[in-house]
>>> print(open('coords.txt').read())   # compact mmCIF, C-alpha atoms
# COMPACT_ATOMS: atom_id res chain seq x y z
CA MET A 1 -7.01 11.92 19.44
CA LYS A 2 -9.34 9.41 21.00
CA ARG A 3 -9.56 6.20 18.97
CA LEU A 4 -12.19 3.49 19.01
CA LEU A 5 -10.55 0.53 20.71
CA TYR A 6 -13.37 -1.29 22.49
CA PHE A 7 -13.19 -4.34 20.22
CA LEU A 8 -9.43 -4.75 20.51
CA PRO A 9 -9.59 -7.37 23.28
CA VAL A 10 -11.31 -9.65 20.80
CA LEU A 11 -8.78 -8.93 18.09
CA LEU A 12 -5.81 -9.24 20.43
CA LEU A 13 -7.11 -12.57 21.64
CA ILE A 14 -7.18 -13.81 18.08
CA PHE A 15 -3.95 -12.19 16.93
CA GLY A 16 -1.93 -11.99 20.12
CA SER A 17 0.97 -13.90 18.58
CA CYS A 18 1.64 -11.23 15.92
CA GLY A 19 4.67 -9.02 16.49
CA LYS A 20 3.86 -5.33 16.78
CA GLY A 21 4.08 -3.66 13.40
CA VAL A 22 5.26 -6.85 11.67
CA HIS A 23 2.68 -8.45 9.42
CA VAL A 24 3.47 -10.96 6.70
CA THR A 25 0.93 -12.10 4.15
CA PRO A 26 0.15 -15.71 5.09
CA LYS A 27 1.13 -18.42 2.64
CA THR A 28 -1.38 -21.19 2.28
CA SER A 29 -2.11 -23.89 -0.24
CA GLN A 30 -4.74 -21.58 -1.73
CA ASP A 31 -2.17 -18.89 -2.58
CA SER A 32 -0.84 -20.94 -5.48
CA VAL A 33 -4.28 -21.35 -7.03
CA LYS A 34 -5.10 -19.05 -9.94
CA TYR A 35 -8.30 -17.29 -8.95
CA PRO A 36 -9.99 -14.83 -11.33
CA GLY A 37 -9.38 -11.11 -11.17
CA ILE A 38 -6.47 -8.67 -11.36
CA TRP A 39 -5.23 -6.34 -8.60
CA THR A 40 -3.19 -3.23 -9.42
CA GLN A 41 -1.64 -0.79 -6.95
CA LEU A 42 -2.49 2.88 -7.54
CA SER A 43 -1.14 6.19 -6.31
CA PRO A 44 -1.25 6.46 -2.51
CA PHE A 45 -4.05 8.26 -0.74
CA SER A 46 -3.33 12.00 -0.49
CA GLY A 47 -4.75 12.48 2.98
CA SER A 48 -3.70 11.12 6.35
CA ALA A 49 -3.44 7.34 6.59
CA THR A 50 -6.49 6.28 8.55
CA ASP A 51 -9.01 3.55 9.33
CA GLY A 52 -12.77 3.32 9.79
CA SER A 53 -13.62 5.74 6.95
CA PHE A 54 -17.02 5.76 5.26
CA SER A 55 -16.95 5.40 1.47
CA PHE A 56 -19.41 5.86 -1.37
CA THR A 57 -19.57 6.53 -5.12
CA LEU A 58 -21.28 9.45 -6.88
CA ASN A 59 -21.19 10.44 -10.54
CA GLY A 60 -18.27 8.22 -11.43
CA LYS A 61 -16.06 9.30 -8.53
CA GLY A 62 -15.25 7.72 -5.19
CA TYR A 63 -15.43 9.44 -1.81
CA LEU A 64 -13.90 8.79 1.60
CA VAL A 65 -15.31 10.51 4.69
CA GLY A 66 -13.77 10.70 8.13
CA GLY A 67 -12.01 7.83 9.84
CA ASP A 68 -9.84 7.83 12.99
CA GLN A 69 -11.67 10.89 14.30
CA LEU A 70 -10.91 13.00 11.24
CA SER A 71 -13.58 15.12 9.55
CA ALA A 72 -11.89 15.42 6.15
CA MET A 73 -13.55 14.17 2.96
CA TRP A 74 -11.66 13.25 -0.20
CA GLU A 75 -12.80 12.64 -3.78
CA TYR A 76 -11.08 10.13 -6.07
CA ASP A 77 -11.07 10.59 -9.85
CA PRO A 78 -10.25 7.29 -11.61
CA SER A 79 -9.45 9.07 -14.88
CA THR A 80 -6.47 10.84 -13.30
CA ASP A 81 -5.77 8.52 -10.34
CA LYS A 82 -5.78 11.56 -8.07
CA TRP A 83 -7.43 12.59 -4.78
CA THR A 84 -8.91 16.04 -4.11
CA GLN A 85 -9.97 17.26 -0.69
CA LYS A 86 -13.60 18.39 -0.47
CA ALA A 87 -15.79 20.01 2.17
CA SER A 88 -15.25 18.41 5.58
CA TYR A 89 -17.97 16.34 7.18
CA PRO A 90 -19.81 18.61 9.68
CA GLY A 91 -21.11 15.91 12.03
CA MET A 92 -19.79 14.73 15.38
CA GLY A 93 -19.41 11.07 14.44
CA MET A 94 -16.33 10.83 12.26
CA GLN A 95 -15.53 7.12 12.41
CA PHE A 96 -17.75 4.15 11.50
CA LEU A 97 -20.34 6.35 9.84
CA SER A 98 -23.33 4.96 7.97
CA GLY A 99 -25.27 6.07 4.93
CA PHE A 100 -26.46 5.66 1.35
CA THR A 101 -26.70 7.56 -1.95
CA ILE A 102 -29.87 8.71 -3.71
CA ASN A 103 -30.22 10.77 -6.91
CA GLY A 104 -26.69 12.12 -6.96
CA LYS A 105 -26.46 12.93 -3.26
CA ALA A 106 -24.91 11.09 -0.34
CA TYR A 107 -26.65 10.82 3.04
CA VAL A 108 -24.26 10.22 5.93
CA GLY A 109 -24.63 10.15 9.69
CA LEU A 110 -24.45 8.41 13.06
CA GLY A 111 -20.89 7.21 13.76
CA TYR A 112 -18.37 7.45 16.58
CA GLY A 113 -16.94 10.81 17.57
CA TYR A 114 -15.86 11.78 21.06
CA ASP A 115 -17.45 14.99 22.36
CA GLN A 116 -15.32 16.18 25.27
CA ALA A 117 -17.97 18.59 26.51
CA SER A 118 -20.73 16.00 26.83
CA GLY A 119 -18.71 12.80 26.96
CA SER A 120 -20.88 11.40 24.19
CA VAL A 121 -19.32 9.00 21.70
CA GLN A 122 -22.24 8.00 19.49
CA HIS A 123 -24.64 10.31 17.72
CA THR A 124 -27.93 10.64 15.80
CA ASP A 125 -27.19 13.53 13.43
CA PHE A 126 -27.45 12.98 9.64
CA TYR A 127 -26.36 15.10 6.67
CA ALA A 128 -26.84 15.26 2.89
CA TYR A 129 -23.85 15.93 0.66
CA ASP A 130 -24.33 17.57 -2.75
CA PRO A 131 -21.23 17.20 -4.96
CA SER A 132 -22.49 19.81 -7.42
CA ASN A 133 -21.73 22.59 -4.95
CA ASP A 134 -19.58 20.67 -2.44
CA THR A 135 -21.88 21.35 0.50
CA TRP A 136 -23.32 19.45 3.44
CA THR A 137 -26.86 20.10 4.72
CA ARG A 138 -28.25 18.73 7.96
CA ILE A 139 -31.37 16.61 7.57
CA THR A 140 -33.74 15.15 10.16
CA ASP A 141 -31.84 13.30 12.86
CA PHE A 142 -31.98 9.53 12.89
CA PRO A 143 -34.84 8.59 15.27
CA GLY A 144 -33.69 5.11 16.27
CA GLY A 145 -31.15 6.17 18.88
CA ALA A 146 -27.47 7.06 18.91
CA ARG A 147 -25.23 4.31 17.51
CA TYR A 148 -22.41 3.50 15.11
CA GLY A 149 -21.36 0.57 12.94
CA SER A 150 -24.80 0.42 11.29
CA PHE A 151 -25.48 -0.87 7.78
CA GLY A 152 -26.97 1.29 5.03
CA PHE A 153 -28.30 0.98 1.48
CA ALA A 154 -30.80 2.66 -0.86
CA LEU A 155 -33.72 1.23 -2.85
CA ASN A 156 -36.39 3.02 -4.91
CA ASN A 157 -35.15 6.46 -3.85
CA GLN A 158 -35.47 5.53 -0.18
CA GLY A 159 -32.56 5.08 2.20
CA TYR A 160 -32.31 2.31 4.79
CA VAL A 161 -30.18 2.27 7.94
CA GLY A 162 -30.17 -0.46 10.56
CA ALA A 163 -28.46 -2.43 13.32
CA GLY A 164 -25.37 -0.98 15.03
CA ALA A 165 -24.35 -0.62 18.65
CA THR A 166 -23.45 1.83 21.40
CA TRP A 167 -20.18 2.12 23.28
CA ASN A 168 -18.84 -1.27 24.37
CA SER A 169 -22.03 -2.79 22.92
CA ASP A 170 -23.91 -2.05 26.14
CA ARG A 171 -26.86 -1.68 23.78
CA VAL A 172 -27.15 -3.40 20.41
CA TYR A 173 -29.70 -2.90 17.65
CA PHE A 174 -31.39 -5.04 15.02
CA ASP A 175 -33.99 -2.45 13.95
CA MET A 176 -34.09 -0.80 10.52
CA TRP A 177 -35.32 2.64 9.50
CA LYS A 178 -36.30 4.08 6.12
CA TYR A 179 -35.54 7.64 5.05
CA ASP A 180 -37.62 9.53 2.46
CA PRO A 181 -35.65 12.50 1.05
CA GLY A 182 -38.84 13.95 -0.44
CA THR A 183 -40.39 14.48 3.00
CA ASN A 184 -37.14 14.54 4.98
CA SER A 185 -38.60 11.97 7.34
CA TRP A 186 -37.79 8.55 8.80
CA SER A 187 -40.12 5.61 9.39
CA GLN A 188 -39.45 2.20 10.89
CA ALA A 189 -39.21 -0.85 8.60
CA ALA A 190 -38.87 -4.58 9.32
CA ASP A 191 -36.20 -5.49 11.86
CA TYR A 192 -33.03 -7.11 10.56
CA PRO A 193 -33.23 -10.86 11.38
CA GLY A 194 -29.52 -11.62 11.04
CA VAL A 195 -26.95 -12.49 13.70
CA GLY A 196 -24.39 -9.72 13.20
CA TYR A 197 -25.39 -6.31 14.55
CA TYR A 198 -22.17 -4.37 13.91
CA GLY A 199 -20.00 -3.79 10.84
CA ASP A 200 -22.22 -5.80 8.50
CA VAL A 201 -21.76 -6.10 4.75
CA SER A 202 -24.60 -4.27 2.95
CA PHE A 203 -25.36 -3.75 -0.74
CA THR A 204 -28.18 -3.71 -3.29
CA ALA A 205 -28.90 -5.66 -6.48
CA ASN A 206 -31.94 -6.33 -8.66
CA GLY A 207 -34.25 -4.16 -6.55
CA SER A 208 -33.33 -5.86 -3.26
CA GLY A 209 -31.11 -5.02 -0.33
CA TYR A 210 -28.60 -7.49 1.12
CA VAL A 211 -27.12 -7.50 4.62
CA GLY A 212 -25.01 -10.08 6.40
CA LEU A 213 -21.94 -11.18 8.31
CA GLY A 214 -20.81 -8.57 10.84
CA LEU A 215 -20.03 -8.90 14.54
CA ASN A 216 -22.00 -10.33 17.41
CA HIS A 217 -20.01 -10.37 20.65
CA SER A 218 -21.68 -13.59 21.78
CA ASN A 219 -20.76 -15.21 18.44
CA VAL A 220 -17.88 -13.28 16.90
CA LEU A 221 -17.86 -15.09 13.57
CA THR A 222 -21.18 -14.65 11.76
CA TYR A 223 -21.76 -16.06 8.29
CA ASP A 224 -25.43 -15.48 7.51
CA LEU A 225 -26.74 -13.32 4.62
CA TRP A 226 -30.24 -11.87 4.18
CA GLN A 227 -32.17 -10.29 1.30
CA TYR A 228 -34.66 -7.46 1.88
CA ASP A 229 -37.70 -6.97 -0.37
CA PRO A 230 -38.93 -3.35 -0.02
CA SER A 231 -42.31 -4.08 -1.65
CA LEU A 232 -43.09 -6.71 1.00
CA ASN A 233 -41.02 -5.18 3.80
CA LYS A 234 -39.69 -8.69 4.35
CA TRP A 235 -36.33 -10.43 4.81
CA THR A 236 -35.38 -13.79 3.26
CA GLN A 237 -32.30 -15.79 4.20
CA LYS A 238 -29.77 -16.44 1.43
CA ALA A 239 -26.67 -18.62 1.10
CA ALA A 240 -24.32 -18.20 4.04
CA PHE A 241 -20.74 -17.14 3.48
CA THR A 242 -18.71 -20.30 2.82
CA GLY A 243 -15.21 -19.12 3.73
CA LYS A 244 -13.58 -18.41 7.07
CA TYR A 245 -12.67 -15.08 8.58
CA GLN A 246 -11.80 -13.60 11.96
CA GLU A 247 -12.41 -9.89 11.84
CA ILE A 248 -15.38 -7.58 12.03
CA TRP A 249 -14.71 -5.01 9.32
CA PRO A 250 -14.59 -6.63 5.86
CA MET A 251 -13.84 -4.55 2.78
CA TYR A 252 -16.48 -4.89 0.09
CA PHE A 253 -17.74 -3.39 -3.17
CA MET A 254 -20.39 -4.14 -5.80
CA ILE A 255 -19.64 -4.72 -9.50
CA GLY A 256 -22.71 -5.46 -11.60
CA THR A 257 -24.75 -8.01 -9.66
CA ASP A 258 -21.72 -9.46 -7.87
CA GLU A 259 -20.57 -8.42 -4.42
CA TYR A 260 -16.85 -8.74 -3.62
CA VAL A 261 -15.86 -9.21 -0.01
CA GLY A 262 -12.40 -9.38 1.56
CA PHE A 263 -11.38 -10.35 5.08
CA GLY A 264 -8.00 -8.89 5.79
CA SER A 265 -7.02 -9.25 9.45
CA ASN A 266 -5.22 -12.57 9.13
CA SER A 267 -5.94 -13.37 5.51
CA THR A 268 -5.76 -11.76 2.09
CA ALA A 269 -8.51 -13.93 0.61
CA PHE A 270 -11.28 -12.26 -1.41
CA TRP A 271 -14.67 -13.73 -2.26
CA LYS A 272 -17.47 -13.04 -4.73
CA TYR A 273 -21.17 -13.40 -3.99
CA ASN A 274 -23.30 -13.84 -7.11
CA THR A 275 -26.74 -12.43 -6.32
CA GLU A 276 -28.33 -14.17 -9.32
CA THR A 277 -27.13 -17.69 -8.46
CA ASP A 278 -26.96 -17.18 -4.67
CA GLN A 279 -23.44 -18.63 -4.56
CA TRP A 280 -20.07 -17.68 -3.07
CA SER A 281 -16.75 -18.27 -4.87
CA ARG A 282 -13.10 -17.25 -4.49
CA VAL A 283 -11.42 -14.52 -6.54
CA ALA A 284 -7.80 -13.38 -6.64
CA ASN A 285 -6.18 -12.75 -3.27
CA PHE A 286 -5.64 -9.14 -2.20
CA PRO A 287 -1.88 -8.53 -2.72
CA GLY A 288 -1.41 -5.99 0.08
CA GLN A 289 -0.83 -6.57 3.78
CA PRO A 290 -3.64 -7.98 5.93
CA ARG A 291 -5.70 -5.21 7.49
CA ILE A 292 -8.93 -4.26 9.19
CA MET A 293 -11.28 -1.29 8.80
CA GLY A 294 -10.21 -0.54 5.23
CA ALA A 295 -12.31 1.53 2.83
CA ALA A 296 -13.83 0.24 -0.41
CA PHE A 297 -16.04 1.42 -3.27
CA ALA A 298 -16.67 0.59 -6.93
CA ILE A 299 -16.69 2.79 -10.01
CA GLY A 300 -18.07 1.07 -13.09
CA ASN A 301 -16.52 -2.37 -13.43
CA THR A 302 -13.62 -1.68 -11.08
CA GLY A 303 -13.43 -2.05 -7.33
CA TYR A 304 -11.14 0.07 -5.13
CA ILE A 305 -9.86 -0.65 -1.63
CA GLY A 306 -7.27 0.94 0.60
CA LEU A 307 -6.35 2.57 3.89
CA GLY A 308 -7.19 0.53 7.00
CA ALA A 309 -5.02 -0.60 9.90
CA THR A 310 -3.06 -3.56 11.17
CA PRO A 311 -5.03 -5.95 13.39
CA THR A 312 -3.77 -4.28 16.57
CA VAL A 313 -4.47 -0.79 15.13
CA SER A 314 -0.79 0.05 15.74
CA GLN A 315 -0.24 1.12 12.12
CA THR A 316 -2.46 2.60 9.41
CA PHE A 317 -2.06 2.43 5.62
CA ASN A 318 -2.35 5.05 2.88
CA GLU A 319 -2.04 2.66 -0.07
CA VAL A 320 -4.85 2.14 -2.60
CA TRP A 321 -5.52 -0.82 -4.90
CA LYS A 322 -7.97 -1.51 -7.70
CA PHE A 323 -9.57 -4.83 -8.63
CA GLN A 324 -10.81 -5.82 -12.09
CA PRO A 325 -12.79 -9.04 -12.34
CA GLN A 326 -11.85 -9.66 -15.97
CA GLN A 327 -8.93 -11.96 -16.73
>>> encode(input="coords.txt", output="structure tokens")
Amino acid sequence: MKRLLYFLPVLLLIFGSCGKGVHVTPKTSQDSVKYPGIWTQLSPFSGSATDGSFSFTLNGKGYLVGGDQLSAMWEYDPSTDKWTQKASYPGMGMQFLSGFTINGKAYVGLGYGYDQASGSVQHTDFYAYDPSNDTWTRITDFPGGARYGSFGFALNNQGYVGAGATWNSDRVYFDMWKYDPGTNSWSQAADYPGVGYYGDVSFTANGSGYVGLGLNHSNVLTYDLWQYDPSLNKWTQKAAFTGKYQEIWPMYFMIGTDEYVGFGSNSTAFWKYNTETDQWSRVANFPGQPRIMGAAFAIGNTGYIGLGATPTVSQTFNEVWKFQPQQ
């Protein structure tokens, strides 16, 4: 099947010295430092090993949608450590989807998915998933234009989707749109002022949305972070990421008011952003192999990451790990 490879020249330039299929966790002076948090490997993912999946949490369970041009959706139950296949995603874009959750439903759309008939690779369709009856329902299409790699979050029962790009980044976006499930309608909100337009980190805490990092082809490494106030429709810059990374698809999840972010293409380092103190700090290194385009979500006070691919996308993973911030 057709895979998304347009960013590989950047990755190969950075990682060209790596042997194909051979990836060793780097050893640095930081590896011997005792950072907080505990990682535990879980049962492997039951579906096909893949990358670029969209993930979310509903009603105490985690979900993975699509990835590598697959339409399958899987539900993870932490009480049994088992995966169950659910209704497949009905949209065209099956990799690098975007979305948010509101009132027990997930809203998912956009994404990359090659349509042989039309030759289209990015899309505007959006769908609502109801776990109570395991069904997808098409909602109003996204009005901002076809794209993938967008950020998404929800605040005050409204969903927000922004940024993203088209094939080969021939068009990039910094706009943001708000979705109202009550009226099934979209309206434009304040443009995203950050540098990265693709694969950004996005999350919510204390009634605000946060977006940052991501890719900008003119400046591959972006470190800025921004806070969105929905009552003022305004962005405010926050503390920039203080570590170093060289890949565009970080793995991240929210526990309480702390966001955990990992950069896995040539490093296994993980970081915590405290939204209350506006500070970044290190946590325990991810113990698995370095990877890009992994999936991540949080259930309660535990974060979960897995899947993903090697930096050259020559191998995908089906392993799953959990992270607990407590010592």
>>> atom_distance(input="coords.txt", atom1="CA of Gln324 (chain A)", atom2="CA of Pro36 (chain A)")
9.1 Å
>>> residues_around(input="coords.txt", residues="Lys244 (chain A)", least_positions_apart="6", cutoff="12 Å", atoms="all atoms listed in the file", output="PyMOL selection string")
chain A and resi 213+220-223+250+261-271+282
>>> residues_near_point(input="coords.txt", point="(-24.6, -9.6, 20.4)", cutoff="7 Å", atoms="all atoms listed in the file", output="list in words")
Val172, Tyr197, Asn216, His217 and Ser218 of chain A
>>> closest_residue(input="coords.txt", among="A:Tyr129, A:Phe153, A:Trp83, A:Trp186", to="Lys105 (chain A)", atoms="all atoms listed in the file")
A:Tyr129
>>> closest_residue(input="coords.txt", among="A:Thr316, A:Ser281, A:Thr140, A:Asn184", to="Gly52 (chain A)", atoms="only C-alpha atoms")
A:Thr316
>>> atom_distance(input="coords.txt", atom1="CA of Lys234 (chain A)", atom2="CA of Phe174 (chain A)")
14.0 Å
>>> atom_distance(input="coords.txt", atom1="CA of Met73 (chain A)", atom2="CA of Lys322 (chain A)")
19.8 Å
>>> closest_residue(input="coords.txt", among="A:Ala284, A:Leu42, A:Leu110, A:Met293", to="Gln315 (chain A)", atoms="all atoms listed in the file")
A:Met293
>>> closest_residue(input="coords.txt", among="A:Asp258, A:Asp200, A:Asp77, A:Asp278", to="Ala239 (chain A)", atoms="all atoms listed in the file")
A:Asp278
>>> residues_around(input="coords.txt", residues="Leu97 (chain A)", least_positions_apart="2", cutoff="10 Å", atoms="all atoms listed in the file", output="short mmCIF file (atom, residue, chain, number, x, y, z; two decimals) with C-alpha atoms, in the coordinates of the input")
data_model
loop_
_atom_site.label_atom_id
_atom_site.label_comp_id
_atom_site.auth_asym_id
_atom_site.auth_seq_id
_atom_site.Cartn_x
_atom_site.Cartn_y
_atom_site.Cartn_z
CA GLY A 52 -12.77 3.32 9.79
CA SER A 53 -13.62 5.74 6.95
CA PHE A 54 -17.02 5.76 5.26
CA SER A 55 -16.95 5.40 1.47
CA VAL A 65 -15.31 10.51 4.69
CA GLY A 66 -13.77 10.70 8.13
CA GLY A 67 -12.01 7.83 9.84
CA GLY A 91 -21.11 15.91 12.03
CA GLY A 93 -19.41 11.07 14.44
CA MET A 94 -16.33 10.83 12.26
CA GLN A 95 -15.53 7.12 12.41
CA GLY A 99 -25.27 6.07 4.93
CA VAL A 108 -24.26 10.22 5.93
CA GLY A 109 -24.63 10.15 9.69
CA LEU A 110 -24.45 8.41 13.06
CA GLY A 111 -20.89 7.21 13.76
CA TYR A 112 -18.37 7.45 16.58
CA GLY A 113 -16.94 10.81 17.57
CA GLN A 122 -22.24 8.00 19.49
CA HIS A 123 -24.64 10.31 17.72
CA PHE A 126 -27.45 12.98 9.64
CA ARG A 147 -25.23 4.31 17.51
CA TYR A 148 -22.41 3.50 15.11
CA GLY A 149 -21.36 0.57 12.94
CA SER A 150 -24.80 0.42 11.29
CA PHE A 151 -25.48 -0.87 7.78
CA GLY A 152 -26.97 1.29 5.03
#
>>> closest_residue(input="coords.txt", among="A:Val161, A:Ile299, A:Val320, A:Met254", to="Gly60 (chain A)", atoms="all atoms listed in the file")
A:Ile299
>>> closest_residue(input="coords.txt", among="A:Thr275, A:Ser187, A:Thr135, A:Thr310", to="Asn206 (chain A)", atoms="only C-alpha atoms")
A:Thr275
>>> residues_around(input="coords.txt", residues="region 188-196 of chain A", least_positions_apart="6", cutoff="12 Å", atoms="all atoms listed in the file", output="JSON, numbers by chain")
{"A": [142, 143, 144, 149, 150, 151, 152, 158, 159, 160, 161, 162, 163, 164, 165, 172, 173, 174, 175, 176, 177, 178, 179, 180, 202, 209, 210, 211, 212, 213, 214, 215, 216, 217, 218, 219, 220, 221, 222, 223, 224, 225, 226, 227, 228, 229, 230, 231, 232, 233, 234, 235, 236, 237, 238, 240, 248, 249]}
